[in-house]
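**Student:** Data file work.pdb (PDB, C-alpha atoms) is appended below.
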```
MODEL        1
ATOM      1  CA  MET M 386     108.223 -54.919  -2.640
ATOM      2  CA  SER M 387     108.657 -52.241  -5.258
ATOM      3  CA  THR M 388     108.115 -48.687  -4.184
ATOM      4  CA  SER M 389     108.531 -45.656  -6.375
ATOM      5  CA  THR M 390     108.651 -42.032  -5.388
ATOM      6  CA  SER M 391     107.800 -38.914  -7.292
ATOM      7  CA  SER M 392     110.624 -37.157  -9.063
ATOM      8  CA  SER M 393     108.591 -33.978  -9.392
ATOM      9  CA  GLY M 394     110.696 -32.286  -6.723
ATOM     10  CA  GLN M 395     107.680 -31.529  -4.534
ATOM     11  CA  TRP M 396     107.730 -32.283  -0.858
ATOM     12  CA  PRO M 397     105.651 -35.302   0.153
ATOM     13  CA  PRO M 398     102.426 -34.541   2.004
ATOM     14  CA  LEU M 399     102.884 -35.386   5.687
ATOM     15  CA  SER M 400     100.400 -35.658   8.545
ATOM     16  CA  PHE M 401     101.972 -35.508  11.999
ATOM     17  CA  ASP M 402      99.100 -37.412  13.622
ATOM     18  CA  GLU M 403      99.410 -40.195  11.048
ATOM     19  CA  LEU M 404     103.204 -40.505  11.189
ATOM     20  CA  ALA M 405     104.072 -39.775  14.830
ATOM     21  CA  PRO M 406     103.522 -43.293  16.246
ATOM     22  CA  THR M 407     105.681 -44.948  13.563
ATOM     23  CA  VAL M 408     108.311 -42.189  13.749
ATOM     24  CA  GLU M 409     108.554 -42.700  17.514
ATOM     25  CA  TYR M 410     108.923 -46.470  17.122
ATOM     26  CA  VAL M 411     111.497 -46.287  14.299
ATOM     27  CA  HIS M 412     113.444 -43.652  16.269
ATOM     28  CA  ARG M 413     113.608 -45.982  19.260
ATOM     29  CA  ILE M 414     114.632 -49.087  17.327
ATOM     30  CA  ALA M 415     117.208 -47.067  15.361
ATOM     31  CA  GLN M 416     118.910 -46.571  18.726
ATOM     32  CA  VAL M 417     119.616 -50.320  18.912
ATOM     33  CA  GLY M 418     121.926 -50.470  15.889
ATOM     34  CA  ALA M 419     123.220 -46.947  16.359
ATOM     35  CA  LYS M 420     124.464 -47.599  19.901
ATOM     36  CA  TYR M 421     127.398 -49.458  18.297
ATOM     37  CA  THR M 422     128.657 -46.109  16.954
ATOM     38  CA  LEU M 423     129.563 -45.157  20.518
ATOM     39  CA  ASP M 424     132.337 -47.783  20.446
ATOM     40  CA  GLN M 425     133.927 -46.364  17.287
ATOM     41  CA  PRO M 426     136.727 -43.771  17.187
ATOM     42  CA  PHE M 427     135.278 -40.337  17.889
ATOM     43  CA  GLN M 428     135.103 -37.893  14.992
ATOM     44  CA  PRO M 429     134.712 -34.129  15.446
ATOM     45  CA  ASN M 430     131.112 -32.901  15.709
ATOM     46  CA  TRP M 431     129.969 -36.472  16.369
ATOM     47  CA  GLY M 432     130.587 -37.410  12.728
ATOM     48  CA  SER M 433     131.045 -41.030  13.772
ATOM     49  CA  ILE M 434     127.370 -41.383  14.654
ATOM     50  CA  VAL M 435     125.703 -39.968  11.532
ATOM     51  CA  MET M 436     123.489 -42.491   9.731
ATOM     52  CA  THR M 437     123.292 -42.227   5.952
ATOM     53  CA  VAL M 438     119.999 -41.864   4.106
ATOM     54  CA  THR M 439     119.995 -44.748   1.613
ATOM     55  CA  PRO M 440     117.858 -45.627  -1.411
ATOM     56  CA  ARG M 441     115.752 -47.931   0.824
ATOM     57  CA  GLY M 442     115.925 -46.256   4.262
ATOM     58  CA  PHE M 443     118.942 -45.350   6.371
ATOM     59  CA  ALA M 444     122.060 -47.086   7.661
ATOM     60  CA  THR M 445     124.785 -46.835  10.254
ATOM     61  CA  PRO M 446     128.312 -46.143   9.100
ATOM     62  CA  ALA M 447     130.606 -49.151   8.765
ATOM     63  CA  LEU M 448     131.190 -50.414  12.301
ATOM     64  CA  TRP M 449     133.673 -52.759  13.952
ATOM     65  CA  CYS M 450     133.209 -55.176  16.846
ATOM     66  CA  GLY M 451     136.536 -56.935  17.266
ATOM     67  CA  ASP M 452     137.371 -58.353  13.832
ATOM     68  CA  VAL M 453     133.786 -58.154  12.550
ATOM     69  CA  MET M 454     132.900 -55.268  10.253
ATOM     70  CA  PHE M 455     129.176 -54.566   9.823
ATOM     71  CA  VAL M 456     126.479 -52.091   8.828
ATOM     72  CA  VAL M 457     122.933 -51.953  10.206
ATOM     73  CA  GLU M 458     120.469 -51.024   7.464
ATOM     74  CA  TYR M 459     116.980 -49.874   8.380
ATOM     75  CA  GLU M 460     115.226 -50.671   5.102
ATOM     76  CA  LEU M 461     112.002 -48.734   5.533
ATOM     77  CA  LEU M 462     110.767 -49.450   2.003
ATOM     78  CA  ASP M 463     111.274 -53.195   2.479
ATOM     79  CA  GLU M 464     109.957 -53.410   6.047
ATOM     80  CA  ARG M 465     113.093 -55.003   7.448
ATOM     81  CA  VAL M 466     116.338 -54.324   9.258
ATOM     82  CA  THR M 467     119.367 -56.017   7.754
ATOM     83  CA  VAL M 468     122.791 -56.417   9.309
ATOM     84  CA  ASN M 469     125.419 -56.942   6.637
ATOM     85  CA  ALA M 470     128.619 -58.200   8.246
ATOM     86  CA  SER M 471     131.954 -59.540   7.140
ATOM     87  CA  THR M 472     130.815 -62.796   8.778
ATOM     88  CA  GLY M 473     127.377 -63.036   7.120
ATOM     89  CA  ARG M 474     124.005 -61.375   6.986
ATOM     90  CA  ALA M 475     120.958 -61.290   9.225
ATOM     91  CA  SER M 476     117.574 -59.756   8.521
ATOM     92  CA  ILE M 477     114.666 -59.127  10.852
ATOM     93  CA  PRO M 478     111.214 -57.754  10.094
ATOM     94  CA  LEU M 479     110.400 -54.120  10.685
ATOM     95  CA  ALA M 480     106.940 -54.510  12.147
ATOM     96  CA  ALA M 481     104.751 -53.277  14.963
ATOM     97  CA  GLY M 482     105.798 -54.461  18.396
ATOM     98  CA  SER M 483     107.760 -53.426  21.435
ATOM     99  CA  VAL M 484     111.258 -51.983  21.410
ATOM    100  CA  ALA M 485     112.296 -54.708  23.869
ATOM    101  CA  GLU M 486     111.020 -57.405  21.490
ATOM    102  CA  PHE M 487     112.949 -55.799  18.616
ATOM    103  CA  TYR M 488     116.047 -55.584  20.829
ATOM    104  CA  ARG M 489     115.861 -59.278  21.770
ATOM    105  CA  THR M 490     115.305 -60.313  18.141
ATOM    106  CA  PHE M 491     118.184 -58.101  16.969
ATOM    107  CA  VAL M 492     120.619 -59.435  19.587
ATOM    108  CA  ALA M 493     119.678 -63.049  18.756
ATOM    109  CA  ALA M 494     120.088 -62.388  15.008
ATOM    110  CA  VAL M 495     123.544 -60.751  15.244
ATOM    111  CA  SER M 496     125.032 -63.153  17.803
ATOM    112  CA  PRO M 497     125.859 -65.860  15.185
ATOM    113  CA  LEU M 498     127.653 -63.144  13.194
ATOM    114  CA  GLY M 499     130.015 -62.561  16.132
ATOM    115  CA  ILE M 500     128.434 -59.243  17.102
ATOM    116  CA  PRO M 501     127.742 -58.833  20.829
ATOM    117  CA  PRO M 502     124.785 -56.820  22.175
ATOM    118  CA  PRO M 503     125.256 -53.051  22.225
ATOM    119  CA  ARG M 504     127.162 -52.022  25.345
ATOM    120  CA  THR M 505     124.310 -49.836  26.572
ATOM    121  CA  THR M 506     120.536 -49.944  26.381
ATOM    122  CA  VAL M 507     119.991 -46.490  27.836
ATOM    123  CA  ALA M 508     117.961 -44.282  25.507
ATOM    124  CA  SER M 509     119.327 -41.101  27.054
ATOM    125  CA  GLU M 510     118.442 -39.042  23.983
ATOM    126  CA  ILE M 511     114.708 -39.674  24.518
ATOM    127  CA  ALA M 512     113.364 -38.016  27.661
ATOM    128  CA  GLY M 513     111.724 -40.481  30.027
ATOM    129  CA  ALA M 514     112.358 -43.497  27.798
ATOM    130  CA  PRO M 515     112.936 -46.854  29.469
ATOM    131  CA  HIS M 516     116.032 -48.875  28.606
ATOM    132  CA  LEU M 517     115.712 -50.369  25.131
ATOM    133  CA  ASP M 518     115.634 -53.932  26.489
ATOM    134  CA  LEU M 519     112.873 -53.050  28.979
ATOM    135  CA  ASP M 520     110.540 -51.003  26.748
ATOM    136  CA  GLU M 521     107.615 -53.427  26.422
ATOM    137  CA  GLU M 522     105.038 -50.915  25.131
ATOM    138  CA  ILE M 523     103.540 -52.172  21.865
ATOM    139  CA  ARG M 524     103.974 -49.546  19.147
ATOM    140  CA  PRO M 525     102.588 -49.386  15.607
ATOM    141  CA  CYS M 526     104.745 -49.468  12.516
ATOM    142  CA  THR M 527     102.903 -49.203   9.239
ATOM    143  CA  ALA M 528     104.446 -49.641   5.812
ATOM    144  CA  ALA M 529     102.723 -46.485   4.538
ATOM    145  CA  ALA M 530     104.140 -44.372   7.378
ATOM    146  CA  ALA M 531     107.608 -45.925   6.957
ATOM    147  CA  ARG M 532     107.551 -44.999   3.250
ATOM    148  CA  LYS M 533     106.615 -41.416   4.111
ATOM    149  CA  ILE M 534     109.377 -41.205   6.719
ATOM    150  CA  TRP M 535     111.899 -42.364   4.113
ATOM    151  CA  SER M 536     110.476 -39.986   1.521
ATOM    152  CA  ALA M 537     110.787 -37.028   3.894
ATOM    153  CA  PHE M 538     114.377 -37.931   4.841
ATOM    154  CA  ALA M 539     115.326 -38.547   1.196
ATOM    155  CA  SER M 540     113.735 -35.317  -0.056
ATOM    156  CA  ALA M 541     115.405 -33.222   2.627
ATOM    157  CA  ALA M 542     118.764 -35.012   2.209
ATOM    158  CA  ARG M 543     118.700 -34.289  -1.522
ATOM    159  CA  VAL M 544     118.239 -30.569  -0.884
ATOM    160  CA  LEU M 545     120.892 -30.523   1.857
ATOM    161  CA  HIS M 546     123.404 -32.330  -0.409
ATOM    162  CA  ALA M 547     122.882 -29.618  -3.048
ATOM    163  CA  TRP M 548     123.212 -26.902  -0.403
ATOM    164  CA  GLN M 549     126.452 -28.448   0.935
ATOM    165  CA  ALA M 550     128.027 -29.150  -2.467
ATOM    166  CA  PRO M 551     129.708 -25.778  -3.133
ATOM    167  CA  TYR M 552     131.606 -25.831   0.163
ATOM    168  CA  ARG M 553     135.076 -27.313  -0.353
ATOM    169  CA  GLY M 554     136.299 -27.421   3.243
ATOM    170  CA  PRO M 555     136.007 -30.284   5.701
ATOM    171  CA  ARG M 556     132.453 -31.187   6.621
ATOM    172  CA  LEU M 557     130.391 -34.102   7.777
ATOM    173  CA  PRO M 558     128.109 -35.831   5.312
ATOM    174  CA  VAL M 559     124.382 -35.200   5.324
ATOM    175  CA  GLY M 560     122.784 -37.799   7.545
ATOM    176  CA  ILE M 561     120.519 -38.686  10.434
ATOM    177  CA  MET M 562     121.664 -38.003  13.963
ATOM    178  CA  TRP M 563     120.119 -40.982  15.707
ATOM    179  CA  GLY M 564     119.828 -39.306  19.116
ATOM    180  CA  GLY M 565     117.310 -36.720  17.973
ATOM    181  CA  PHE M 566     116.304 -38.574  14.807
ATOM    182  CA  ASP M 567     116.822 -35.436  12.781
ATOM    183  CA  LEU M 568     118.663 -34.747   9.547
ATOM    184  CA  TYR M 569     122.084 -33.130   9.919
ATOM    185  CA  ALA M 570     124.096 -30.978   7.532
ATOM    186  CA  ALA M 571     126.858 -28.480   8.196
TER     187      ALA M 571
ENDMDL
END
```
Please lay out the structure from this file as structure tokens.
**Tutor:**
Amino acid sequence: MSTSTSSSGQWPPLSFDELAPTVEYVHRIAQVGAKYTLDQPFQPNWGSIVMTVTPRGFATPALWCGDVMFVVEYELLDERVTVNASTGRASIPLAAGSVAEFYRTFVAAVSPLGIPPPRTTVASEIAGAPHLDLDEEIRPCTAAAARKIWSAFASAARVLHAWQAPYRGPRLPVGIMWGGFDLYAA
């Protein structure tokens, strides 16, 4: 799928009512891959958990499980989630469904790569949310909404990168904090 975005520098038009169901679903499934960041060495200000905005969506930092190095890429423009590992690659569709179904599919896909399930399924960052492996509510996920989510993250990240650039001291990169599913810059 080829998707282009405007380079006019204008913010994309966004409708909360249109995007909210897909945002909620993507936020919840992003927790699945991001939970692995909790097993990585802690960095100040939670820098170890920031997900990078990428040209196709967003991704975890490089992660380790034993001897396996991997990255979980949420490719919103391609409607898939890809795990690129030192032991191979697995890809699963990003489509409407339940978080529990996504969790089961994810765990089955990464197992042959030598990646165990995340150590926790508690979605403590989302008030009242069931465990990821027990959340059977069917949620929508449309390609159009996913593209707009990416466009909003990418547009804001571009501005925040420019804002951060003059500062020469230590800082975390611009990225998505998966707990609140918000863009971070310091």
**Student:** Just say which residues the PyMOL selection byres ((chain M and resi 467) around 6) picks in this file, as a compact mmCIF listing (two decimals) with C-alpha atoms, in the frame of the given file.
**Tutor:**
```txt
# COMPACT_ATOMS: atom_id res chain seq x y z
CA VAL M 457 122.93 -51.95 10.21
CA GLU M 458 120.47 -51.02 7.46
CA VAL M 466 116.34 -54.32 9.26
CA VAL M 468 122.79 -56.42 9.31
CA ALA M 475 120.96 -61.29 9.22
CA SER M 476 117.57 -59.76 8.52
```
**Student:** How many Å separate atom CA of M:Glu460 from atom CA of M:Phe566?
**Tutor:** 15.5 Å
**Student:** Need to verify the contact set: M:Gly473, 9 Å, all atoms listed in the file, exclusion of same-chain residues closer than 3 positions in sequence. Can you return it as a PDB file with C-alpha atoms, keeping the file's coordinate frame?
**Tutor:**
```pdb
ATOM      1  CA  VAL M 468     122.791 -56.417   9.309  1.00  0.00           C
ATOM      2  CA  ASN M 469     125.419 -56.942   6.637  1.00  0.00           C
ATOM      3  CA  ALA M 470     128.619 -58.200   8.246  1.00  0.00           C
ATOM      4  CA  PRO M 497     125.859 -65.860  15.185  1.00  0.00           C
ATOM      5  CA  LEU M 498     127.653 -63.144  13.194  1.00  0.00           C
TER       6      LEU M 498
END
```
**Student:** From the options M:Val492, M:Ala528, M:Ala480, M:Val507, which residue's atoms come nearest to M:Leu404, counting all atoms listed in the file?
**Tutor:**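 Using all atoms listed in the file, the shortest distance to M:Leu404 belongs to M:Ala528.
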**Student:** Which residues fall under the PyMOL selection byres ((chain M and resi 424) around 12) in this file, as a list in words?
**Tutor:**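 For this structure, the PyMOL selection byres ((chain M and resi 424) around 12) resolves to Gly418, Ala419, Lys420, Tyr421, Thr422, Leu423, Gln425, Pro426, Phe427, Gln428, Ser433, Ile434, Ala447, Leu448, Trp449, Cys450, Gly451, Pro501, Pro502, Pro503, Arg504 and Thr505 of chain M.
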**Student:** Any chance you could work out the residue set of the PyMOL selection byres ((chain M and resi 442) around 7) here, as a ChimeraX atom specification?
**Tutor:** /M:438-441,443,459-462,535
**Student:** In Å to one decimal, how far is atom CA of M:Pro478 from atom CA of M:Asp452?
**Tutor:**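 Computing the Euclidean distance for atom CA of M:Asp452 and atom CA of M:Pro478 yields 26.4 Å.
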